[in-house]
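Novice: Starting off with a structure, shown below.
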Amino acid sequence: MPLTAPILTRRIPTPPWGEMKDRHLVTYDEYVKTGGYTVLEKALALKPAQIVDMVKESQLRGRGGAGFPCGLKWSFLPEPDGGRRYLTLNCDEAEPGTFKDRLLIDFDPHLVLEGLAITCWACQLDTAYFFIRGEYREQIRTVQRAIDEAYEHGIFGKQGLLNGKSDFAVECYLHRSAGAYICGEETGLIEAVEGKRGWPRVKPPFPAVAGLFQRPTVVNNVETIACLVPIVEHGPERFTQTGCASTIGGPPSFGPKLMGVSGHVARPGVYEVDLGIKLSTLVNDHCGGMRGGKAFKGAIAGGVSMGCLGPDQFDAELDFDIGRKYGVMGLGTACPTVFDEDTDMVAVARNIARFFTNESCGQCTPCREGTQWMYKLLCRIESGGATSRDLDLLLELAGSMGIMPGTTICGLADGANWAVRTIVNKYRQEFEARVKPAHVPVTVSARAVAE
Amino acid sequence: MAWTVKPSATMKIPQRDEPYLTAEMRAHFEGELIPRYEQKRGALLPILHEVQHAYGYIPHQAMEEIASLLEIAPADVLDTASFYEEYHLEPVGKYVIAVCQSIACEVCGHQAIVDHLRQKLDIEPHETTDDGKFTLLTLECLGACDGAPCALVNDDRHDHLTIEKLDEILDGLPD
Ligand SMILES: Cc1cc2nc3c(=O)[nH]c(=O)nc-3n(C[C@H](O)[C@H](O)[C@H](O)COP(=O)(O)O)c2cc1C
Ligand code: SF4
Ligand code: FES
């Protein structure tokens with residue numbers, strides 16, 4: 001059953017449910033008047049384990065990129081031992097093409113804070129850090145104001161959640177990052193909260209067991225946390241009625257999804273839709289079609305790390321099956337960047353390779369060196385100075401870096417790998433047209449000549 | 001690039017008598033920020049932000065003062081501060097113009113914006129004008145791809161930039 005009304009954007013007018021021009025910041029007062037924080041009250045009447053079970057039943061999958069089942073992740077937490085337990089909310093959102101979490105914190109930050117409080121209750125976490133990227137200047141002010149309002153009204157603080165309705169007390173602090181994409185990776189993020197450079201950690205141990213300050217830690221994306229509110233409010237069954245089941249026998253993609261569309265479409269923006277919507281439907285029905293009526297040439301699947309959908313994949317369904325069905329890494333953040341027929345795909349690959357070169361944290365040699373090599377090779381191909389051997393070298397380098405080939409600590413290198421390989425493979429003719437044939441030296445031995 | 005090596009071994013640190021961390025700042029850090037974290041070092045990022053807000057950049061002497069406040073080595077502070085792109089370790093212009101150069105902005109025409117700024121200000125990215133008014137930066141995705149091409153001018157984000165719009169914004173900034 002498809003979405004019939006907005007869920008996450010209930011208070012934010014968003015096409016097709018409302019006009020963007022009618023948007024405004026939902027303050028604490030307005031949030032409460034429209035039913036806000038009653039779901040937290042409902043959650044506090046339940047046992048923490050009951051909420052974890054609800055999340056498992058809803059089959060909610062992480063919205064931050066990996067699509068990992070949220071309830072399963074929470075079940076890795078050890079039993080409370082009286083020591084501190086943390087939530088670090090991931091609002092780093094630095095993946096090029098991605099801007100969906102921004103919609104929630106721009107207009108309805110209390111929805112996120114309510115989800116955060118529910119998560120802290122469900123997982124028995126006493127301290128939450130709202131980790132936000134440094135470039136979100138306006139949003140940092142909005143979130144800080146919302147946290148202050150929540151404290152003023154006793155949601156957080158020593159007296160216990162929701163004005164002492166529960167004895168369980170949660171502190172919530174904003175932690176502003178400072179411009180490093182790698183801090184979106186969960187353990188890089190944890191290092192940044194510890195005041196260190198954002199170098200991802202070798203796993204295991206996983207954050208659930210030894211995360212922030214070596215204590216049990218949950219890392220979740222903003223949108224994942226926001227989904228908790230409708231799940232607890234209407235029950236997990238309702239959640240599983242939106243989105244879609246897998247068509248290839250995999251785990252389902254239930255729930256609504258915020259999809260941020262950018263690039264060559266008439267109306268770029270964030271749209272709340274069912275998981276499983278076709279990219280062509282999203283572009284044509286919601287984004288007003290391709291800009292200037294041009295033809296579709298391709299699209300970044302969901303953040304550049306996921307790779308590229310080719311010209312014949314405009315009808316790809318945007319759900320968690322997308323990786324297996326369409327030769328990309330996965331759904332990622334479900335924020336497609338769309339390219340029209342005039343786009344130079346070599347330039348696209350070069351741009352993305354530069355991104356990864358700039359953002360590699362430098363710990364793993366295949367990633368630090370490999371991203372630079374790929375960027376240089378792509379610059380050479382773009383300028384017409386490369387040979388076909390450079391193209392082969394490019395693919396070899398790309399394929400050798402990442403967690404999947406087992407050569408790096410974190411998934412940044414896999415992103416670089418998939419982005420470059422999918423673009424080169426799906427637009428091979430464009431790359432070949434730019435390179436000169438390799439000169440193959442032939443040596444003939446004297447004996448061969450004599451014979 | 002986050003991992004570029006800095007010549008910290010041979011570095012001379014200019015010292016001034018007046019500390020960079022004022023009594024008021026110390027009180028705020030010790031009373032508000034540090035208690036938020038299980039270990040003092042956790043407060044490093046927020047403290048660096050506040051120092052940069054006060055001085056426009058993070059002087060090395062300030063790093064030494066922060067180090068003693070947090071009971072860590074000055075090198076630890078430098079290690080963190082130099083990793084994050086947003087922290088300026090040298091003074092920057094009064095207005096920092098940061099143009100997004102990532103994919104959505106590139107395919108929507110960011111190059112024309114950068115070229116116009118280079119000409120108008122007569123500087124290259126990561127340089128500051130002689131009068132100290134403008135610093136030009138190119139950054140990766142600002143998370144505003146629906147507004148491509150976009151840029152931050154200090155704390156204000158400007159979307160759907162055109163050359164005319166950009167001129168209007170820059171010409172409207174007081175000296
Ligand atoms: C290089 C890299 C960057 C990432 N950036 C983000 C990000 O900006 N925001 C986010 O929510 N998750 C990001 N992730 C995913 C996180 O590591 C983590 O899986 C996620 O925050 C978990 O939340 P979820 O289960 O709710 O999706 C990134 C992962 C990698 C490898
Ligand atoms: S894969 Fe790249 S970004 Fe990730 S830890 Fe290694 S060097 Fe750093
Ligand atoms: S690509 Fe420019 S803001 Fe995202």
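Ordered as shown in the structure tokens, chains take letters A, B, and onward, while each chain numbers its residues from 1 and ligands are numbered from 1 in the order shown.
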Would you tabulate, counting only C-alpha atoms and all ligand atoms, all residues of chain A that have an atom at most 10 Å from an atom of ligand 2, showing the closest pair of atoms and their distance in Å to one decimal, sorted by chain then ascending number, as JSON lines?

Specialist:
```
{"residue": "A:Tyr181", "atom": "CA", "partner": "ligand 2", "partner_atom_place_in_ligand_line": "3 (S)", "distance": 8.9}
{"residue": "A:Ile182", "atom": "CA", "partner": "ligand 2", "partner_atom_place_in_ligand_line": "3 (S)", "distance": 6.1}
{"residue": "A:Cys183", "atom": "CA", "partner": "ligand 2", "partner_atom_place_in_ligand_line": "3 (S)", "distance": 9.4}
{"residue": "A:Glu185", "atom": "CA", "partner": "ligand 2", "partner_atom_place_in_ligand_line": "4 (Fe)", "distance": 8.3}
{"residue": "A:Thr187", "atom": "CA", "partner": "ligand 2", "partner_atom_place_in_ligand_line": "5 (S)", "distance": 9.6}
{"residue": "A:Gly188", "atom": "CA", "partner": "ligand 2", "partner_atom_place_in_ligand_line": "5 (S)", "distance": 8.3}
{"residue": "A:Gly198", "atom": "CA", "partner": "ligand 2", "partner_atom_place_in_ligand_line": "8 (Fe)", "distance": 8.7}
{"residue": "A:Trp199", "atom": "CA", "partner": "ligand 2", "partner_atom_place_in_ligand_line": "5 (S)", "distance": 6.0}
{"residue": "A:Pro200", "atom": "CA", "partner": "ligand 2", "partner_atom_place_in_ligand_line": "5 (S)", "distance": 5.1}
{"residue": "A:Arg201", "atom": "CA", "partner": "ligand 2", "partner_atom_place_in_ligand_line": "5 (S)", "distance": 7.3}
{"residue": "A:Val202", "atom": "CA", "partner": "ligand 2", "partner_atom_place_in_ligand_line": "5 (S)", "distance": 8.3}
{"residue": "A:Phe356", "atom": "CA", "partner": "ligand 2", "partner_atom_place_in_ligand_line": "3 (S)", "distance": 8.3}
{"residue": "A:Thr357", "atom": "CA", "partner": "ligand 2", "partner_atom_place_in_ligand_line": "2 (Fe)", "distance": 9.1}
{"residue": "A:Asn358", "atom": "CA", "partner": "ligand 2", "partner_atom_place_in_ligand_line": "3 (S)", "distance": 9.9}
{"residue": "A:Glu359", "atom": "CA", "partner": "ligand 2", "partner_atom_place_in_ligand_line": "3 (S)", "distance": 7.0}
{"residue": "A:Ser360", "atom": "CA", "partner": "ligand 2", "partner_atom_place_in_ligand_line": "3 (S)", "distance": 4.2}
{"residue": "A:Cys361", "atom": "CA", "partner": "ligand 2", "partner_atom_place_in_ligand_line": "8 (Fe)", "distance": 3.9}
{"residue": "A:Gly362", "atom": "CA", "partner": "ligand 2", "partner_atom_place_in_ligand_line": "7 (S)", "distance": 4.1}
{"residue": "A:Gln363", "atom": "CA", "partner": "ligand 2", "partner_atom_place_in_ligand_line": "7 (S)", "distance": 4.0}
{"residue": "A:Cys364", "atom": "CA", "partner": "ligand 2", "partner_atom_place_in_ligand_line": "7 (S)", "distance": 3.9}
{"residue": "A:Thr365", "atom": "CA", "partner": "ligand 2", "partner_atom_place_in_ligand_line": "7 (S)", "distance": 6.5}
{"residue": "A:Pro366", "atom": "CA", "partner": "ligand 2", "partner_atom_place_in_ligand_line": "7 (S)", "distance": 7.4}
{"residue": "A:Cys367", "atom": "CA", "partner": "ligand 2", "partner_atom_place_in_ligand_line": "2 (Fe)", "distance": 4.5}
{"residue": "A:Arg368", "atom": "CA", "partner": "ligand 2", "partner_atom_place_in_ligand_line": "7 (S)", "distance": 5.3}
{"residue": "A:Glu369", "atom": "CA", "partner": "ligand 2", "partner_atom_place_in_ligand_line": "7 (S)", "distance": 8.8}
{"residue": "A:Gly370", "atom": "CA", "partner": "ligand 2", "partner_atom_place_in_ligand_line": "2 (Fe)", "distance": 9.3}
{"residue": "A:Thr371", "atom": "CA", "partner": "ligand 2", "partner_atom_place_in_ligand_line": "2 (Fe)", "distance": 8.7}
{"residue": "A:Met401", "atom": "CA", "partner": "ligand 2", "partner_atom_place_in_ligand_line": "1 (S)", "distance": 7.9}
{"residue": "A:Gly402", "atom": "CA", "partner": "ligand 2", "partner_atom_place_in_ligand_line": "1 (S)", "distance": 6.3}
{"residue": "A:Ile403", "atom": "CA", "partner": "ligand 2", "partner_atom_place_in_ligand_line": "1 (S)", "distance": 7.5}
{"residue": "A:Thr407", "atom": "CA", "partner": "ligand 2", "partner_atom_place_in_ligand_line": "1 (S)", "distance": 8.1}
{"residue": "A:Thr408", "atom": "CA", "partner": "ligand 2", "partner_atom_place_in_ligand_line": "1 (S)", "distance": 4.6}
{"residue": "A:Ile409", "atom": "CA", "partner": "ligand 2", "partner_atom_place_in_ligand_line": "5 (S)", "distance": 4.6}
{"residue": "A:Cys410", "atom": "CA", "partner": "ligand 2", "partner_atom_place_in_ligand_line": "4 (Fe)", "distance": 3.9}
{"residue": "A:Gly411", "atom": "CA", "partner": "ligand 2", "partner_atom_place_in_ligand_line": "1 (S)", "distance": 5.8}
{"residue": "A:Leu412", "atom": "CA", "partner": "ligand 2", "partner_atom_place_in_ligand_line": "4 (Fe)", "distance": 4.9}
{"residue": "A:Ala413", "atom": "CA", "partner": "ligand 2", "partner_atom_place_in_ligand_line": "1 (S)", "distance": 4.6}
{"residue": "A:Asp414", "atom": "CA", "partner": "ligand 2", "partner_atom_place_in_ligand_line": "1 (S)", "distance": 7.6}
{"residue": "A:Gly415", "atom": "CA", "partner": "ligand 2", "partner_atom_place_in_ligand_line": "1 (S)", "distance": 9.2}
{"residue": "A:Ala416", "atom": "CA", "partner": "ligand 2", "partner_atom_place_in_ligand_line": "2 (Fe)", "distance": 9.3}
```

Novice: Using only C-alpha atoms and all ligand atoms, tabulate the residues of chain A lying at most 6 Å from any atom of ligand 1, each with its closest atom pair and that distance in Å to one decimal, by chain and increasing residue number, as CSV.

Specialist:
```
residue,atom,partner,partner_atom_place_in_ligand_line,distance
A:Gly62,CA,ligand 1,27 (O),3.2
A:Arg63,CA,ligand 1,27 (O),4.1
A:Gly64,CA,ligand 1,27 (O),3.3
A:Gly65,CA,ligand 1,15 (C),5.2
A:Ala66,CA,ligand 1,19 (O),5.3
A:Gly67,CA,ligand 1,27 (O),5.8
A:Phe68,CA,ligand 1,25 (O),5.4
A:Cys70,CA,ligand 1,25 (O),5.8
A:Asn90,CA,ligand 1,11 (O),4.7
A:Cys91,CA,ligand 1,9 (N),5.6
A:Asp92,CA,ligand 1,8 (O),4.1
A:Glu93,CA,ligand 1,8 (O),3.4
A:Ala94,CA,ligand 1,8 (O),4.8
A:Glu95,CA,ligand 1,8 (O),5.8
A:Ile182,CA,ligand 1,1 (C),5.0
A:Gly184,CA,ligand 1,5 (N),3.4
A:Glu185,CA,ligand 1,17 (O),3.6
A:Glu186,CA,ligand 1,17 (O),4.0
A:Val219,CA,ligand 1,22 (C),5.4
A:Asn220,CA,ligand 1,23 (O),3.5
A:Asn221,CA,ligand 1,26 (O),3.8
A:Thr224,CA,ligand 1,26 (O),4.8
A:Cys410,CA,ligand 1,31 (C),5.5
A:Gly411,CA,ligand 1,31 (C),3.9
A:Leu412,CA,ligand 1,1 (C),3.9
```

Novice: Considering only C-alpha atoms, can you say which of B:Gln61, B:Thr138, B:Thr128, B:Thr10 comes closest to chain A?

Specialist: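 So, comparing all the options, the nearest one is B:Thr138.
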
Novice: So that I can see what lies close to stretch 28-35 of chain A, please list as number ranges by chain the residues with an atom at most 8 Å from it, counting only C-alpha atoms and leaving out residues fewer than 5 positions away in the same chain.

Specialist: A: 110, 146, 149-150

Novice: Store the residues picked out above in a file with all heavy atoms, as a compact mmCIF listing (two decimals), in the first residue's frame.

Specialist:
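Output below, filename out35.txt:
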```
# COMPACT_ATOMS: atom_id res chain seq x y z
N HIS A 110 12.31 19.15 16.18
CA HIS A 110 11.80 18.42 17.34
C HIS A 110 11.39 17.00 17.00
O HIS A 110 11.40 16.13 17.87
CB HIS A 110 10.64 19.19 17.99
CG HIS A 110 11.12 20.36 18.79
ND1 HIS A 110 11.74 20.23 20.01
CD2 HIS A 110 11.14 21.68 18.52
CE1 HIS A 110 12.09 21.42 20.48
NE2 HIS A 110 11.73 22.32 19.58
N ALA A 146 16.49 24.32 19.24
CA ALA A 146 15.53 23.24 19.53
C ALA A 146 15.96 22.46 20.78
O ALA A 146 15.13 22.12 21.62
CB ALA A 146 15.39 22.31 18.33
N GLU A 149 15.16 24.56 23.75
CA GLU A 149 13.72 24.51 24.02
C GLU A 149 13.36 23.19 24.72
O GLU A 149 12.57 23.18 25.66
CB GLU A 149 12.92 24.60 22.72
CG GLU A 149 12.84 25.98 22.12
CD GLU A 149 12.11 25.99 20.77
OE1 GLU A 149 12.20 24.99 20.00
OE2 GLU A 149 11.44 26.97 20.48
N ALA A 150 13.95 22.10 24.22
CA ALA A 150 13.63 20.80 24.81
C ALA A 150 14.07 20.74 26.27
O ALA A 150 13.37 20.20 27.12
CB ALA A 150 14.29 19.69 24.00
```

Novice: Using only C-alpha atoms, find the residues of chain A whose closest atom to chain B is at most 6 Å away, then write them as an mmCIF file with N, CA, C and O atoms, in the first residue's frame.

Specialist:
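See part-v4.cif below for the written result:
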```
data_model
loop_
_atom_site.group_PDB
_atom_site.id
_atom_site.type_symbol
_atom_site.label_atom_id
_atom_site.label_comp_id
_atom_site.auth_asym_id
_atom_site.auth_seq_id
_atom_site.Cartn_x
_atom_site.Cartn_y
_atom_site.Cartn_z
ATOM 1 N N PRO A 96 28.424 13.828 -1.395
ATOM 2 C CA PRO A 96 27.941 14.707 -2.464
ATOM 3 C C PRO A 96 26.618 14.226 -3.055
ATOM 4 O O PRO A 96 26.463 13.045 -3.367
ATOM 5 N N GLY A 97 25.697 15.142 -3.190
ATOM 6 C CA GLY A 97 24.374 14.829 -3.706
ATOM 7 C C GLY A 97 23.342 14.648 -2.609
ATOM 8 O O GLY A 97 22.156 14.537 -2.889
ATOM 9 N N THR A 98 23.778 14.617 -1.348
ATOM 10 C CA THR A 98 22.876 14.260 -0.253
ATOM 11 C C THR A 98 22.513 15.472 0.594
ATOM 12 O O THR A 98 23.390 16.194 1.055
ATOM 13 N N PHE A 99 21.219 15.678 0.784
ATOM 14 C CA PHE A 99 20.783 16.825 1.588
ATOM 15 C C PHE A 99 19.416 16.569 2.209
ATOM 16 O O PHE A 99 18.688 17.486 2.524
ATOM 17 N N ARG A 137 25.675 25.859 8.845
ATOM 18 C CA ARG A 137 25.738 26.986 9.792
ATOM 19 C C ARG A 137 24.364 27.350 10.346
ATOM 20 O O ARG A 137 24.172 27.456 11.548
ATOM 21 N N ALA A 178 33.807 19.855 11.745
ATOM 22 C CA ALA A 178 34.554 20.981 11.198
ATOM 23 C C ALA A 178 35.037 20.704 9.777
ATOM 24 O O ALA A 178 36.166 21.035 9.423
ATOM 25 N N GLY A 179 34.171 20.076 8.976
ATOM 26 C CA GLY A 179 34.537 19.949 7.573
ATOM 27 C C GLY A 179 35.428 18.770 7.275
ATOM 28 O O GLY A 179 36.568 18.935 6.846
ATOM 29 N N ALA A 180 34.956 17.569 7.522
ATOM 30 C CA ALA A 180 35.690 16.372 7.136
ATOM 31 C C ALA A 180 34.653 15.287 6.852
ATOM 32 O O ALA A 180 33.997 14.806 7.766
ATOM 33 N N VAL A 193 34.181 13.082 18.178
ATOM 34 C CA VAL A 193 33.554 13.476 19.448
ATOM 35 C C VAL A 193 34.570 13.348 20.584
ATOM 36 O O VAL A 193 34.513 14.067 21.569
ATOM 37 N N GLU A 194 35.538 12.471 20.426
ATOM 38 C CA GLU A 194 36.592 12.356 21.442
ATOM 39 C C GLU A 194 37.643 13.452 21.304
ATOM 40 O O GLU A 194 38.615 13.484 22.050
ATOM 41 N N GLY A 195 37.480 14.318 20.305
ATOM 42 C CA GLY A 195 38.420 15.422 20.132
ATOM 43 C C GLY A 195 39.657 15.064 19.332
ATOM 44 O O GLY A 195 40.668 15.752 19.377
ATOM 45 N N LYS A 196 39.562 13.959 18.585
ATOM 46 C CA LYS A 196 40.720 13.517 17.805
ATOM 47 C C LYS A 196 40.479 13.725 16.320
ATOM 48 O O LYS A 196 39.377 14.099 15.909
ATOM 49 N N ARG A 197 41.510 13.480 15.512
ATOM 50 C CA ARG A 197 41.277 13.505 14.069
ATOM 51 C C ARG A 197 40.332 12.350 13.722
ATOM 52 O O ARG A 197 40.354 11.306 14.365
ATOM 53 N N SER A 262 18.886 16.064 -7.148
ATOM 54 C CA SER A 262 19.623 17.238 -7.611
ATOM 55 C C SER A 262 20.083 16.993 -9.037
ATOM 56 O O SER A 262 19.826 15.935 -9.601
ATOM 57 N N GLY A 263 20.767 17.962 -9.599
ATOM 58 C CA GLY A 263 21.256 17.824 -10.965
ATOM 59 C C GLY A 263 20.270 18.399 -11.965
ATOM 60 O O GLY A 263 19.556 19.361 -11.669
ATOM 61 N N PRO A 268 14.608 20.482 -8.437
ATOM 62 C CA PRO A 268 15.380 19.711 -7.454
ATOM 63 C C PRO A 268 14.824 19.943 -6.055
ATOM 64 O O PRO A 268 14.230 20.992 -5.793
ATOM 65 N N GLY A 269 14.992 18.972 -5.181
ATOM 66 C CA GLY A 269 14.488 19.136 -3.812
ATOM 67 C C GLY A 269 14.339 17.800 -3.130
ATOM 68 O O GLY A 269 14.662 16.758 -3.706
ATOM 69 N N ASN A 358 40.408 14.300 -1.971
ATOM 70 C CA ASN A 358 40.411 15.331 -0.934
ATOM 71 C C ASN A 358 39.964 14.794 0.413
ATOM 72 O O ASN A 358 40.400 15.288 1.446
ATOM 73 N N CYS A 361 41.159 9.927 4.479
ATOM 74 C CA CYS A 361 41.789 10.354 5.731
ATOM 75 C C CYS A 361 43.261 10.001 5.754
ATOM 76 O O CYS A 361 43.995 10.461 6.616
ATOM 77 N N GLY A 362 43.706 9.158 4.815
ATOM 78 C CA GLY A 362 45.134 8.912 4.683
ATOM 79 C C GLY A 362 45.696 7.747 5.482
ATOM 80 O O GLY A 362 46.893 7.499 5.442
#
```

Novice: Distance atom CA of A:Leu77-atom CA of A:Ala208, one decimal place?

Specialist: 5.0 Å

Novice: So that I can see what lies close to B:Asp130, please list as an mmCIF file with C-alpha atoms, in the first residue's frame the residues with an atom at most 12 Å from it, counting only C-alpha atoms and leaving out residues fewer than 6 positions away in the same chain.

Specialist:
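What ended up in selection_12.cif:
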```
data_model
loop_
_atom_site.group_PDB
_atom_site.id
_atom_site.type_symbol
_atom_site.label_atom_id
_atom_site.label_comp_id
_atom_site.auth_asym_id
_atom_site.auth_seq_id
_atom_site.Cartn_x
_atom_site.Cartn_y
_atom_site.Cartn_z
ATOM 1 C CA VAL B 92 41.838 34.619 6.639
ATOM 2 C CA GLY B 93 39.914 37.433 4.994
ATOM 3 C CA LYS B 94 36.981 39.204 6.600
ATOM 4 C CA LEU B 121 39.020 39.297 -6.727
ATOM 5 C CA ASP B 122 42.228 38.583 -8.623
ATOM 6 C CA ILE B 123 43.073 35.594 -6.415
#
```

Novice: Compile the contact shell of stretch 316-327 of chain A as JSON, numbers by chain: residues with an atom at most 10 Å away, counting only C-alpha atoms, same-chain residues fewer than 5 positions apart removed.

Specialist: {"A": [61, 66, 67, 243, 244, 245, 246, 247, 248, 249, 250, 251, 252, 253, 254, 257, 259, 274, 275, 276, 277, 278, 279, 280, 281, 282, 301, 302, 306, 307, 308, 309, 310, 332, 334, 335, 336, 418, 422, 426]}

Novice: Taking the DSSP secondary structure from the backbone, can you list the residues of stretch 79-171 of chain B that are alpha helix (DSSP H), as a PyMOL selection string?

Specialist: chain B and resi 79-83+103-107+110-121+163-171

Novice: Compile the contact shell of A:Leu377 as an MDAnalysis selection string: residues with an atom at most 8 Å away, counting only C-alpha atoms, same-chain residues fewer than 5 positions apart removed.

Specialist: chainID A and resid 386 390:391 394

Novice: Those same residues, written as a PDB file, in the first residue's frame with N, CA, C and O atoms?

Specialist:
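Output (selection_27.pdb):
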```
ATOM      1  N   ALA A 386      45.833  10.703 -22.443  1.00  0.00           N
ATOM      2  CA  ALA A 386      45.997   9.342 -21.915  1.00  0.00           C
ATOM      3  C   ALA A 386      45.943   8.304 -23.031  1.00  0.00           C
ATOM      4  O   ALA A 386      45.450   8.561 -24.122  1.00  0.00           O
ATOM      5  N   ASP A 390      46.124   3.518 -19.752  1.00  0.00           N
ATOM      6  CA  ASP A 390      45.756   4.280 -18.554  1.00  0.00           C
ATOM      7  C   ASP A 390      44.354   3.901 -18.088  1.00  0.00           C
ATOM      8  O   ASP A 390      44.067   3.856 -16.891  1.00  0.00           O
ATOM      9  N   LEU A 391      43.497   3.626 -19.068  1.00  0.00           N
ATOM     10  CA  LEU A 391      42.131   3.246 -18.738  1.00  0.00           C
ATOM     11  C   LEU A 391      42.115   1.901 -17.996  1.00  0.00           C
ATOM     12  O   LEU A 391      41.411   1.730 -17.005  1.00  0.00           O
ATOM     13  N   LEU A 394      43.420   2.437 -14.542  1.00  0.00           N
ATOM     14  CA  LEU A 394      42.390   3.087 -13.734  1.00  0.00           C
ATOM     15  C   LEU A 394      41.442   2.046 -13.135  1.00  0.00           C
ATOM     16  O   LEU A 394      41.153   2.059 -11.937  1.00  0.00           O
TER      17      LEU A 394
END
```

Novice: For the structure I just gave you, how does DSSP split stretch 13-121 of chain B - specifically, which residues are strand (DSSP E)? Reply as a CSV table (one decimal) with C-alpha atoms, in the first residue's frame.

Specialist:
```
chain,number,residue,atom,x,y,z
B,95,TYR,CA,34.7,37.4,4.2
B,96,VAL,CA,35.4,33.7,3.4
B,97,ILE,CA,33.7,32.7,0.2
B,98,ALA,CA,33.4,29.0,-0.1
B,99,VAL,CA,32.1,27.7,-3.4
B,100,CYS,CA,30.9,24.1,-3.7
```

Novice: Which residue out of B:Leu173, B:Ile72, B:Leu136, B:Leu161 has the minimum interatomic distance to ligand 3 when only C-alpha atoms and all ligand atoms are used?

Specialist: B:Leu161

Novice: Quick one: everything within 8 Å of stretch 14-31 of chain B, counting only C-alpha atoms, minus sequence neighbours fewer than 5 positions away in the same chain. Send it as a list in words.

Specialist: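 Result of the neighbour search: Ile47, Val51, His60, Gln61, Ala62, Glu65 and Ile66 of chain B.
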